[in-house]
>>> print(open('protein.pdb').read())   # PDB, C-alpha atoms
MODEL        1
ATOM      1  CA  MET T 868     -32.596  22.078 -34.662
ATOM      2  CA  HIS T 869     -35.833  21.292 -36.372
ATOM      3  CA  HIS T 870     -34.002  18.762 -38.508
ATOM      4  CA  THR T 871     -32.683  16.768 -35.522
ATOM      5  CA  THR T 872     -36.050  16.550 -33.765
ATOM      6  CA  SER T 873     -37.764  15.271 -36.886
ATOM      7  CA  HIS T 874     -34.954  12.767 -37.275
ATOM      8  CA  GLU T 875     -35.438  11.617 -33.677
ATOM      9  CA  ASN T 876     -39.167  11.417 -34.208
ATOM     10  CA  HIS T 877     -38.581   9.278 -37.237
ATOM     11  CA  ALA T 878     -36.318   6.911 -35.267
ATOM     12  CA  LEU T 879     -38.913   6.673 -32.487
ATOM     13  CA  HIS T 880     -41.582   6.047 -35.099
ATOM     14  CA  ASP T 881     -39.597   3.149 -36.567
ATOM     15  CA  PHE T 882     -38.872   1.746 -33.134
ATOM     16  CA  ARG T 883     -42.525   1.721 -32.076
ATOM     17  CA  GLU T 884     -43.602   0.163 -35.341
ATOM     18  CA  GLU T 885     -40.940  -2.524 -35.052
ATOM     19  CA  SER T 886     -41.868  -3.276 -31.454
ATOM     20  CA  PHE T 887     -45.486  -3.700 -32.600
ATOM     21  CA  SER T 888     -44.611  -6.391 -35.145
ATOM     22  CA  ASN T 889     -42.053  -7.991 -32.799
ATOM     23  CA  THR T 890     -44.658  -8.330 -30.059
ATOM     24  CA  ILE T 891     -47.074  -9.952 -32.464
ATOM     25  CA  PHE T 892     -44.421 -12.398 -33.632
ATOM     26  CA  GLY T 893     -43.455 -13.157 -30.019
ATOM     27  CA  PHE T 894     -47.073 -13.875 -29.154
ATOM     28  CA  TRP T 895     -47.325 -16.127 -32.208
ATOM     29  CA  LEU T 896     -44.311 -18.099 -30.910
ATOM     30  CA  TYR T 897     -46.055 -18.443 -27.537
ATOM     31  CA  LEU T 898     -49.121 -19.828 -29.341
ATOM     32  CA  MET T 899     -46.896 -22.334 -31.152
ATOM     33  CA  THR T 900     -45.502 -23.604 -27.833
ATOM     34  CA  ASP T 901     -49.069 -23.822 -26.566
ATOM     35  CA  CYS T 902     -49.741 -26.050 -29.598
ATOM     36  CA  LEU T 903     -47.109 -28.437 -28.283
ATOM     37  CA  LEU T 904     -48.728 -28.462 -24.840
ATOM     38  CA  PHE T 905     -52.075 -29.394 -26.385
ATOM     39  CA  ALA T 906     -50.394 -31.956 -28.664
ATOM     40  CA  THR T 907     -48.974 -33.833 -25.667
ATOM     41  CA  LEU T 908     -52.390 -33.806 -23.997
ATOM     42  CA  PHE T 909     -53.985 -35.097 -27.226
ATOM     43  CA  CYS T 910     -51.394 -37.913 -27.306
ATOM     44  CA  THR T 911     -52.124 -38.821 -23.710
ATOM     45  CA  PHE T 912     -55.821 -38.926 -24.518
ATOM     46  CA  ALA T 913     -55.241 -41.001 -27.661
ATOM     47  CA  VAL T 914     -53.237 -43.551 -25.683
ATOM     48  CA  LEU T 915     -55.616 -43.724 -22.713
ATOM     49  CA  HIS T 916     -59.062 -43.303 -24.267
ATOM     50  CA  SER T 917     -59.809 -47.032 -24.250
ATOM     51  CA  GLN T 918     -58.493 -47.580 -20.696
ATOM     52  CA  THR T 919     -61.819 -47.182 -18.945
ATOM     53  CA  ALA T 920     -61.156 -49.524 -15.981
ATOM     54  CA  ASN T 921     -64.656 -51.038 -16.383
ATOM     55  CA  GLY T 922     -66.042 -47.521 -15.897
ATOM     56  CA  PRO T 923     -68.132 -45.488 -18.334
ATOM     57  CA  THR T 924     -66.906 -45.299 -21.935
ATOM     58  CA  SER T 925     -66.910 -42.240 -24.184
ATOM     59  CA  VAL T 926     -70.032 -43.433 -26.044
ATOM     60  CA  GLN T 927     -71.989 -43.566 -22.794
ATOM     61  CA  ILE T 928     -71.085 -40.170 -21.368
ATOM     62  CA  PHE T 929     -70.734 -37.683 -24.253
ATOM     63  CA  ASP T 930     -73.733 -35.519 -25.044
ATOM     64  CA  LEU T 931     -72.974 -34.609 -28.674
ATOM     65  CA  LYS T 932     -75.769 -32.064 -29.107
ATOM     66  CA  LEU T 933     -74.574 -30.067 -26.117
ATOM     67  CA  VAL T 934     -70.985 -30.167 -27.374
ATOM     68  CA  PHE T 935     -72.105 -29.140 -30.865
ATOM     69  CA  THR T 936     -73.854 -26.114 -29.328
ATOM     70  CA  GLU T 937     -70.639 -25.314 -27.448
ATOM     71  CA  THR T 938     -68.683 -25.522 -30.707
ATOM     72  CA  LEU T 939     -71.032 -23.120 -32.482
ATOM     73  CA  ILE T 940     -70.900 -20.653 -29.569
ATOM     74  CA  LEU T 941     -67.093 -20.626 -29.542
ATOM     75  CA  LEU T 942     -66.960 -20.243 -33.330
ATOM     76  CA  LEU T 943     -69.388 -17.323 -33.177
ATOM     77  CA  SER T 944     -67.339 -15.732 -30.388
ATOM     78  CA  SER T 945     -64.188 -16.074 -32.489
ATOM     79  CA  PHE T 946     -66.003 -14.451 -35.417
ATOM     80  CA  THR T 947     -67.350 -11.514 -33.383
ATOM     81  CA  SER T 948     -63.891 -10.797 -31.939
ATOM     82  CA  GLY T 949     -62.658 -10.573 -35.535
ATOM     83  CA  LEU T 950     -65.450  -8.100 -36.299
ATOM     84  CA  ALA T 951     -64.387  -6.036 -33.259
ATOM     85  CA  LEU T 952     -60.878  -5.821 -34.705
ATOM     86  CA  LEU T 953     -62.294  -4.711 -38.057
ATOM     87  CA  ALA T 954     -64.358  -2.004 -36.330
ATOM     88  CA  SER T 955     -61.243  -0.802 -34.474
ATOM     89  CA  LEU T 956     -59.412  -0.393 -37.797
ATOM     90  CA  LYS T 957     -61.990   2.248 -38.747
ATOM     91  CA  ASN T 958     -62.100   3.748 -35.221
ATOM     92  CA  LYS T 959     -65.777   2.817 -34.881
ATOM     93  CA  LYS T 960     -65.705   2.564 -31.112
ATOM     94  CA  SER T 961     -69.332   1.746 -30.285
ATOM     95  CA  GLN T 962     -69.363  -1.023 -32.890
ATOM     96  CA  MET T 963     -66.105  -2.371 -31.501
ATOM     97  CA  PHE T 964     -67.471  -2.450 -27.939
ATOM     98  CA  LEU T 965     -70.630  -4.188 -29.154
ATOM     99  CA  TRP T 966     -68.650  -6.998 -30.815
ATOM    100  CA  LEU T 967     -66.200  -7.296 -27.907
ATOM    101  CA  GLY T 968     -69.082  -7.474 -25.421
ATOM    102  CA  LEU T 969     -70.742 -10.144 -27.549
ATOM    103  CA  SER T 970     -67.474 -12.116 -27.692
ATOM    104  CA  PHE T 971     -67.250 -11.942 -23.918
ATOM    105  CA  ILE T 972     -70.830 -13.109 -23.395
ATOM    106  CA  LEU T 973     -70.428 -15.983 -25.869
ATOM    107  CA  GLY T 974     -67.099 -16.980 -24.292
ATOM    108  CA  ALA T 975     -68.689 -16.948 -20.837
ATOM    109  CA  MET T 976     -71.547 -19.091 -22.185
ATOM    110  CA  PHE T 977     -69.014 -21.559 -23.552
ATOM    111  CA  VAL T 978     -67.252 -21.859 -20.179
ATOM    112  CA  SER T 979     -70.592 -22.191 -18.357
ATOM    113  CA  ILE T 980     -71.749 -25.017 -20.623
ATOM    114  CA  GLU T 981     -68.428 -26.766 -20.117
ATOM    115  CA  LEU T 982     -68.658 -26.413 -16.333
ATOM    116  CA  PHE T 983     -72.240 -27.717 -16.478
ATOM    117  CA  GLU T 984     -71.035 -30.679 -18.534
ATOM    118  CA  PHE T 985     -68.163 -31.422 -16.115
ATOM    119  CA  ASN T 986     -70.492 -31.069 -13.180
ATOM    120  CA  SER T 987     -73.048 -33.521 -14.567
ATOM    121  CA  LEU T 988     -70.301 -35.995 -15.486
ATOM    122  CA  ILE T 989     -68.900 -35.900 -11.954
ATOM    123  CA  PHE T 990     -72.432 -36.181 -10.540
ATOM    124  CA  GLU T 991     -73.025 -39.296 -12.671
ATOM    125  CA  GLY T 992     -69.890 -40.881 -11.215
ATOM    126  CA  ALA T 993     -67.739 -40.233 -14.292
ATOM    127  CA  SER T 994     -65.241 -38.004 -12.498
ATOM    128  CA  PHE T 995     -61.546 -37.634 -13.339
ATOM    129  CA  GLN T 996     -60.712 -40.143 -10.596
ATOM    130  CA  ARG T 997     -62.739 -42.939 -12.171
ATOM    131  CA  SER T 998     -60.371 -44.111 -14.927
ATOM    132  CA  ALA T 999     -57.308 -43.209 -16.991
ATOM    133  CA  PHE T1000     -59.644 -42.318 -19.872
ATOM    134  CA  LEU T1001     -61.548 -39.805 -17.743
ATOM    135  CA  SER T1002     -58.351 -38.337 -16.239
ATOM    136  CA  SER T1003     -56.948 -37.638 -19.685
ATOM    137  CA  TYR T1004     -60.311 -36.334 -20.910
ATOM    138  CA  PHE T1005     -60.688 -33.864 -18.032
ATOM    139  CA  THR T1006     -57.065 -32.750 -18.363
ATOM    140  CA  LEU T1007     -57.312 -32.071 -22.097
ATOM    141  CA  VAL T1008     -60.723 -30.395 -22.160
ATOM    142  CA  GLY T1009     -60.098 -28.674 -18.807
ATOM    143  CA  THR T1010     -56.819 -27.154 -20.041
ATOM    144  CA  HIS T1011     -58.661 -25.710 -23.017
ATOM    145  CA  GLY T1012     -61.408 -24.415 -20.729
ATOM    146  CA  LEU T1013     -58.790 -22.806 -18.494
ATOM    147  CA  HIS T1014     -57.291 -21.080 -21.533
ATOM    148  CA  VAL T1015     -60.713 -19.750 -22.497
ATOM    149  CA  SER T1016     -61.263 -18.510 -18.915
ATOM    150  CA  PHE T1017     -57.946 -16.644 -18.988
ATOM    151  CA  GLY T1018     -58.934 -15.307 -22.411
ATOM    152  CA  LEU T1019     -62.093 -13.882 -20.796
ATOM    153  CA  LEU T1020     -59.957 -12.174 -18.139
ATOM    154  CA  PHE T1021     -57.716 -10.803 -20.919
ATOM    155  CA  LEU T1022     -60.801  -9.523 -22.753
ATOM    156  CA  ALA T1023     -62.304  -7.918 -19.638
ATOM    157  CA  VAL T1024     -59.064  -6.047 -18.895
ATOM    158  CA  LEU T1025     -58.774  -5.061 -22.556
ATOM    159  CA  ILE T1026     -62.309  -3.658 -22.639
ATOM    160  CA  VAL T1027     -61.557  -1.520 -19.558
ATOM    161  CA  GLN T1028     -58.328  -0.276 -21.158
ATOM    162  CA  LEU T1029     -60.162   0.579 -24.371
ATOM    163  CA  ILE T1030     -62.785   2.506 -22.423
ATOM    164  CA  VAL T1031     -60.166   4.439 -20.431
ATOM    165  CA  CYS T1032     -57.436   5.007 -23.042
ATOM    166  CA  GLY T1033     -59.357   4.707 -26.314
ATOM    167  CA  ILE T1034     -57.780   3.141 -29.384
ATOM    168  CA  THR T1035     -54.035   3.824 -29.129
ATOM    169  CA  VAL T1036     -51.023   1.955 -30.510
ATOM    170  CA  GLU T1037     -50.816  -0.004 -27.247
ATOM    171  CA  THR T1038     -54.491  -0.933 -26.902
ATOM    172  CA  PHE T1039     -54.737  -1.724 -30.610
ATOM    173  CA  ARG T1040     -51.764  -4.074 -30.252
ATOM    174  CA  ARG T1041     -53.439  -5.825 -27.318
ATOM    175  CA  LEU T1042     -56.636  -6.148 -29.306
ATOM    176  CA  VAL T1043     -54.686  -7.843 -32.104
ATOM    177  CA  LEU T1044     -53.026 -10.196 -29.582
ATOM    178  CA  PHE T1045     -56.374 -11.033 -28.012
ATOM    179  CA  ASN T1046     -57.754 -11.860 -31.450
ATOM    180  CA  MET T1047     -54.873 -14.222 -32.144
ATOM    181  CA  PHE T1048     -55.383 -15.929 -28.774
ATOM    182  CA  TRP T1049     -59.131 -16.290 -29.292
ATOM    183  CA  HIS T1050     -58.866 -17.630 -32.854
ATOM    184  CA  PHE T1051     -56.154 -20.031 -31.689
ATOM    185  CA  LEU T1052     -58.414 -21.425 -28.957
ATOM    186  CA  ASP T1053     -61.154 -21.960 -31.517
ATOM    187  CA  LEU T1054     -58.617 -23.806 -33.676
ATOM    188  CA  VAL T1055     -57.683 -26.118 -30.774
ATOM    189  CA  TRP T1056     -61.380 -26.704 -30.081
ATOM    190  CA  ILE T1057     -61.897 -28.028 -33.644
ATOM    191  CA  PHE T1058     -59.505 -30.838 -32.804
ATOM    192  CA  ILE T1059     -61.076 -31.488 -29.400
ATOM    193  CA  PHE T1060     -64.517 -31.621 -31.028
ATOM    194  CA  THR T1061     -63.284 -33.955 -33.781
ATOM    195  CA  PHE T1062     -60.889 -36.259 -31.943
ATOM    196  CA  VAL T1063     -62.419 -36.376 -28.480
ATOM    197  CA  TYR T1064     -66.150 -35.997 -28.952
ATOM    198  CA  LEU T1065     -67.046 -37.089 -32.505
ATOM    199  CA  MET T1066     -64.571 -39.973 -32.634
ATOM    200  CA  GLY T1067     -65.436 -40.903 -29.056
ATOM    201  CA  VAL T1068     -68.984 -41.593 -30.197
ATOM    202  CA  VAL T1069     -68.197 -43.362 -33.485
TER
ATOM    203  CA  MET E 423     -51.142  12.928 -29.722
ATOM    204  CA  HIS E 424     -47.891  11.706 -31.250
ATOM    205  CA  GLY E 425     -49.017   8.066 -31.400
ATOM    206  CA  GLU E 426     -51.658   8.806 -33.995
ATOM    207  CA  PRO E 427     -49.674   8.616 -37.271
ATOM    208  CA  ILE E 428     -48.200   5.234 -36.264
ATOM    209  CA  LEU E 429     -51.631   3.958 -35.280
ATOM    210  CA  GLU E 430     -53.102   5.039 -38.605
ATOM    211  CA  LYS E 431     -50.295   3.310 -40.469
ATOM    212  CA  LEU E 432     -50.717   0.110 -38.441
ATOM    213  CA  GLN E 433     -54.479   0.164 -38.955
ATOM    214  CA  LYS E 434     -54.038   0.698 -42.680
ATOM    215  CA  GLU E 435     -51.524  -2.129 -42.979
ATOM    216  CA  TRP E 436     -53.577  -4.645 -41.010
ATOM    217  CA  HIS E 437     -54.719  -7.418 -43.312
ATOM    218  CA  GLY E 438     -58.155  -8.484 -42.046
ATOM    219  CA  THR E 439     -61.167  -7.850 -44.246
ATOM    220  CA  LEU E 440     -64.847  -8.441 -43.612
ATOM    221  CA  ASN E 441     -64.955 -10.877 -46.536
ATOM    222  CA  ALA E 442     -62.141 -12.995 -45.067
ATOM    223  CA  TYR E 443     -63.934 -13.246 -41.706
ATOM    224  CA  LEU E 444     -67.253 -14.058 -43.366
ATOM    225  CA  ILE E 445     -65.696 -16.766 -45.550
ATOM    226  CA  GLY E 446     -63.834 -18.198 -42.541
ATOM    227  CA  PHE E 447     -66.964 -18.206 -40.404
ATOM    228  CA  PHE E 448     -69.290 -19.842 -42.910
ATOM    229  CA  LEU E 449     -66.632 -22.345 -44.000
ATOM    230  CA  SER E 450     -66.095 -23.394 -40.366
ATOM    231  CA  LEU E 451     -69.831 -23.507 -39.740
ATOM    232  CA  PHE E 452     -70.361 -25.701 -42.790
ATOM    233  CA  LEU E 453     -67.484 -28.098 -42.016
ATOM    234  CA  THR E 454     -68.388 -28.424 -38.320
ATOM    235  CA  SER E 455     -72.036 -29.115 -39.133
ATOM    236  CA  LEU E 456     -71.029 -31.605 -41.818
ATOM    237  CA  SER E 457     -68.847 -33.641 -39.440
ATOM    238  CA  PHE E 458     -71.568 -33.491 -36.786
ATOM    239  CA  TYR E 459     -74.163 -34.646 -39.347
ATOM    240  CA  LEU E 460     -71.920 -37.518 -40.532
ATOM    241  CA  VAL E 461     -71.573 -38.834 -36.981
ATOM    242  CA  ILE E 462     -75.240 -38.391 -36.026
ATOM    243  CA  ASN E 463     -76.491 -40.089 -39.205
ATOM    244  CA  HIS E 464     -73.843 -42.849 -39.282
ATOM    245  CA  SER E 465     -73.295 -41.969 -42.946
ATOM    246  CA  PHE E 466     -70.154 -44.082 -43.277
ATOM    247  CA  GLU E 467     -68.799 -47.145 -41.542
ATOM    248  CA  GLY E 468     -65.838 -47.369 -39.155
ATOM    249  CA  SER E 469     -62.544 -46.218 -40.587
ATOM    250  CA  THR E 470     -64.060 -44.318 -43.547
ATOM    251  CA  LEU E 471     -65.921 -42.110 -41.095
ATOM    252  CA  ILE E 472     -62.746 -41.586 -39.015
ATOM    253  CA  TYR E 473     -60.775 -40.501 -42.098
ATOM    254  CA  ALA E 474     -63.611 -38.243 -43.223
ATOM    255  CA  LEU E 475     -63.687 -36.574 -39.783
ATOM    256  CA  ILE E 476     -59.901 -36.068 -39.738
ATOM    257  CA  GLY E 477     -60.055 -34.616 -43.256
ATOM    258  CA  LEU E 478     -62.870 -32.201 -42.373
ATOM    259  CA  GLY E 479     -61.104 -31.167 -39.145
ATOM    260  CA  VAL E 480     -57.796 -30.463 -40.872
ATOM    261  CA  LEU E 481     -59.579 -28.583 -43.667
ATOM    262  CA  GLN E 482     -61.343 -26.385 -41.112
ATOM    263  CA  ALA E 483     -58.079 -25.774 -39.246
ATOM    264  CA  ILE E 484     -56.385 -24.647 -42.464
ATOM    265  CA  GLY E 485     -59.376 -22.459 -43.296
ATOM    266  CA  GLN E 486     -59.231 -20.762 -39.894
ATOM    267  CA  LEU E 487     -55.454 -20.280 -40.163
ATOM    268  CA  ILE E 488     -55.926 -18.460 -43.459
ATOM    269  CA  PHE E 489     -59.121 -16.491 -42.843
ATOM    270  CA  PHE E 490     -58.978 -15.826 -39.068
ATOM    271  CA  LEU E 491     -55.285 -15.908 -38.188
ATOM    272  CA  HIS E 492     -54.178 -14.409 -41.550
ATOM    273  CA  ILE E 493     -51.233 -16.752 -41.778
ATOM    274  CA  GLY E 494     -48.659 -15.778 -44.432
ATOM    275  CA  GLN E 495     -50.156 -12.333 -44.967
ATOM    276  CA  GLU E 496     -47.526 -10.460 -42.950
ATOM    277  CA  LYS E 497     -44.503  -8.616 -44.410
ATOM    278  CA  LYS E 498     -41.918 -10.457 -46.441
ATOM    279  CA  PRO E 499     -39.733 -12.719 -44.367
ATOM    280  CA  HIS E 500     -42.627 -14.976 -43.342
ATOM    281  CA  PHE E 501     -41.289 -15.876 -39.886
ATOM    282  CA  GLY E 502     -44.786 -16.715 -38.678
ATOM    283  CA  VAL E 503     -45.202 -19.358 -41.373
ATOM    284  CA  ILE E 504     -41.719 -20.759 -40.712
ATOM    285  CA  ALA E 505     -42.494 -21.023 -36.978
ATOM    286  CA  LEU E 506     -45.801 -22.740 -37.793
ATOM    287  CA  ALA E 507     -44.159 -25.188 -40.213
ATOM    288  CA  PHE E 508     -41.515 -26.074 -37.629
ATOM    289  CA  THR E 509     -44.181 -26.528 -34.946
ATOM    290  CA  VAL E 510     -46.177 -28.835 -37.214
ATOM    291  CA  LEU E 511     -43.017 -30.883 -37.856
ATOM    292  CA  ILE E 512     -42.278 -31.259 -34.125
ATOM    293  CA  LEU E 513     -45.951 -31.955 -33.480
ATOM    294  CA  LEU E 514     -46.084 -34.766 -36.029
ATOM    295  CA  ILE E 515     -42.874 -36.342 -34.672
ATOM    296  CA  VAL E 516     -44.108 -36.170 -31.075
ATOM    297  CA  MET E 517     -47.666 -37.320 -31.802
ATOM    298  CA  ILE E 518     -47.084 -40.048 -34.385
ATOM    299  CA  GLY E 519     -43.998 -41.217 -32.480
ATOM    300  CA  SER E 520     -45.645 -41.534 -29.082
ATOM    301  CA  ILE E 521     -48.875 -43.050 -30.368
ATOM    302  CA  TRP E 522     -46.898 -45.562 -32.428
ATOM    303  CA  ILE E 523     -44.644 -46.515 -29.516
ATOM    304  CA  MET E 524     -47.492 -46.770 -27.011
ATOM    305  CA  HIS E 525     -49.667 -48.784 -29.406
ATOM    306  CA  ASP E 526     -46.804 -51.183 -30.085
ATOM    307  CA  LEU E 527     -45.981 -51.492 -26.388
ATOM    308  CA  ASN E 528     -49.627 -52.086 -25.571
ATOM    309  CA  LYS E 529     -49.854 -54.907 -28.112
ATOM    310  CA  ARG E 530     -46.695 -56.586 -26.841
ATOM    311  CA  VAL E 531     -47.604 -56.311 -23.158
ATOM    312  CA  MET E 532     -51.114 -57.598 -23.813
ATOM    313  CA  ASN E 533     -49.647 -60.667 -25.507
ATOM    314  CA  MET E 534     -47.344 -61.479 -22.604
ATOM    315  CA  PRO E 535     -49.588 -63.680 -20.419
ATOM    316  CA  LYS E 536     -50.592 -65.722 -23.453
ATOM    317  CA  MET E 537     -46.956 -66.245 -24.414
ATOM    318  CA  ASN E 538     -46.112 -67.299 -20.863
ATOM    319  CA  MET E 539     -48.905 -69.808 -20.894
ATOM    320  CA  GLU E 540     -47.649 -71.222 -24.161
ATOM    321  CA  THR E 541     -44.135 -71.621 -22.790
ATOM    322  CA  THR E 542     -45.320 -73.312 -19.604
ATOM    323  CA  LYS E 543     -47.358 -75.813 -21.582
TER
ENDMDL
END
>>> encode(input="protein.pdb", output="structure tokens")
Amino acid sequence: MHHTTSHENHALHDFREESFSNTIFGFWLYLMTDCLLFATLFCTFAVLHSQTANGPTSVQIFDLKLVFTETLILLLSSFTSGLALLASLKNKKSQMFLWLGLSFILGAMFVSIELFEFNSLIFEGASFQRSAFLSSYFTLVGTHGLHVSFGLLFLAVLIVQLIVCGITVETFRRLVLFNMFWHFLDLVWIFIFTFVYLMGVV
Amino acid sequence: MHGEPILEKLQKEWHGTLNAYLIGFFLSLFLTSLSFYLVINHSFEGSTLIYALIGLGVLQAIGQLIFFLHIGQEKKPHFGVIALAFTVLILLIVMIGSIWIMHDLNKRVMNMPKMNMETTK
């Protein structure tokens, strides 16, 4: 009797462990398809960036210092979410909440700066309706911004779950997934910063 | 709490270390600042600067893949790496292909009026 239950426990144990690694791999595949989405938007931008229809060009409208600040904020947010994961490995809950809260604040700052930037561009008459260049620019950067906004929602829900349930197999798994998502968005931003902003000014 | 032993095992097997995150962070910080500095100071001319920026960007991406996303550090059949390699392949085909085609098309279409004028002469 005792033998069978321990055997069943063992099978359940294996199953839960396998489902953990399968979920992580599945999420990784989702991120890879997201790569393709961003790649097509990058292509569109690359093809259209000189089609300004006598409107403002990239050199005239990009504020590099603001974008550089944005880049640093997102990088720092990515780093602090990694630190939160490290704290969760050692069950240091208050440390984990500190880093997660910091990641959230930095992510929210990033989105706010981006919205401010979009707002001032539209106010200056460089809206997405002005030219093919601006349409592709707003689509590419806006899609990234939308991803970050959904990441913030993900993080907010995760923080609530961690407060209510503590660190369990399920919440730990979600924390790992969130980390992957957040690091991935930082990775995409490197290319936006390099190809859109820096090269747009060169 | 029957979830605990699994959780402990998963936590123990997870491959992130503080050193990896620190290296990843400072590497990214350095490379980002360097590309920003190059553009602000106009350190190089035209295409040299473009190649330098692409190089720095790719280097930072690889650094983040290793130190933040822990690519290739999972258990043996490295399906994550295989998926990434395949994605990069598709990405290169799609990106280089479409930019090449569109660039070529653009050049040909732009030459059209001139060619017409020559033929009408």
>>> interface_residues(input="protein.pdb", of="chain T", to="chain E", cutoff="6 Å", atoms="all atoms listed in the file", output="PyMOL selection string")
chain T and resi 910+956+1036+1054
>>> write_last_selection(input="protein.pdb", atoms="C-alpha atoms", output="PDB file, in the coordinates of the input")
ATOM      1  CA  CYS T 910     -51.394 -37.913 -27.306  1.00  0.00           C
ATOM      2  CA  LEU T 956     -59.412  -0.393 -37.797  1.00  0.00           C
ATOM      3  CA  VAL T1036     -51.023   1.955 -30.510  1.00  0.00           C
ATOM      4  CA  LEU T1054     -58.617 -23.806 -33.676  1.00  0.00           C
TER       5      LEU T1054
END
>>> residues_near_point(input="protein.pdb", point="(-60.0, -46.4, -14.1)", cutoff="8 Å", atoms="all atoms listed in the file", output="VMD selection string")
chain T and resid 918 to 922 996 to 1001
>>> write_last_selection(input="protein.pdb", atoms="C-alpha atoms", output="mmCIF file, keeping the file's coordinate frame")
data_model
loop_
_atom_site.group_PDB
_atom_site.id
_atom_site.type_symbol
_atom_site.label_atom_id
_atom_site.label_comp_id
_atom_site.auth_asym_id
_atom_site.auth_seq_id
_atom_site.Cartn_x
_atom_site.Cartn_y
_atom_site.Cartn_z
ATOM 1 C CA GLN T 918 -58.493 -47.580 -20.696
ATOM 2 C CA THR T 919 -61.819 -47.182 -18.945
ATOM 3 C CA ALA T 920 -61.156 -49.524 -15.981
ATOM 4 C CA ASN T 921 -64.656 -51.038 -16.383
ATOM 5 C CA GLY T 922 -66.042 -47.521 -15.897
ATOM 6 C CA GLN T 996 -60.712 -40.143 -10.596
ATOM 7 C CA ARG T 997 -62.739 -42.939 -12.171
ATOM 8 C CA SER T 998 -60.371 -44.111 -14.927
ATOM 9 C CA ALA T 999 -57.308 -43.209 -16.991
ATOM 10 C CA PHE T 1000 -59.644 -42.318 -19.872
ATOM 11 C CA LEU T 1001 -61.548 -39.805 -17.743
#
>>> atom_distance(input="protein.pdb", atom1="CA of Leu942 (chain T)", atom2="CA of Trp1049 (chain T)")
9.7 Å
>>> resolve_selection(input="protein.pdb", expression="the PyMOL selection byres ((chain T and resi 1060) around 10)", output="PDB file with C-alpha atoms, in the frame of the given file")
ATOM      1  CA  LEU T 931     -72.974 -34.609 -28.674  1.00  0.00           C
ATOM      2  CA  VAL T 934     -70.985 -30.167 -27.374  1.00  0.00           C
ATOM      3  CA  PHE T 935     -72.105 -29.140 -30.865  1.00  0.00           C
ATOM      4  CA  GLU T 937     -70.639 -25.314 -27.448  1.00  0.00           C
ATOM      5  CA  THR T 938     -68.683 -25.522 -30.707  1.00  0.00           C
ATOM      6  CA  VAL T1008     -60.723 -30.395 -22.160  1.00  0.00           C
ATOM      7  CA  VAL T1055     -57.683 -26.118 -30.774  1.00  0.00           C
ATOM      8  CA  TRP T1056     -61.380 -26.704 -30.081  1.00  0.00           C
ATOM      9  CA  ILE T1057     -61.897 -28.028 -33.644  1.00  0.00           C
ATOM     10  CA  PHE T1058     -59.505 -30.838 -32.804  1.00  0.00           C
ATOM     11  CA  ILE T1059     -61.076 -31.488 -29.400  1.00  0.00           C
ATOM     12  CA  THR T1061     -63.284 -33.955 -33.781  1.00  0.00           C
ATOM     13  CA  PHE T1062     -60.889 -36.259 -31.943  1.00  0.00           C
ATOM     14  CA  VAL T1063     -62.419 -36.376 -28.480  1.00  0.00           C
ATOM     15  CA  TYR T1064     -66.150 -35.997 -28.952  1.00  0.00           C
ATOM     16  CA  LEU T1065     -67.046 -37.089 -32.505  1.00  0.00           C
ATOM     17  CA  MET T1066     -64.571 -39.973 -32.634  1.00  0.00           C
ATOM     18  CA  GLY T1067     -65.436 -40.903 -29.056  1.00  0.00           C
TER      19      GLY T1067
ATOM     20  CA  THR E 454     -68.388 -28.424 -38.320  1.00  0.00           C
ATOM     21  CA  SER E 457     -68.847 -33.641 -39.440  1.00  0.00           C
ATOM     22  CA  PHE E 458     -71.568 -33.491 -36.786  1.00  0.00           C
ATOM     23  CA  GLY E 479     -61.104 -31.167 -39.145  1.00  0.00           C
TER      24      GLY E 479
END
>>> atom_distance(input="protein.pdb", atom1="CA of Val1031 (chain T)", atom2="CA of Phe977 (chain T)")
27.6 Å
>>> atom_distance(input="protein.pdb", atom1="CA of Leu1029 (chain T)", atom2="CA of Ser955 (chain T)")
10.3 Å
>>> closest_residue(input="protein.pdb", among="T:Lys960, T:His916, T:His874, T:His1011", to="Ile1030 (chain T)", atoms="only C-alpha atoms")
T:Lys960
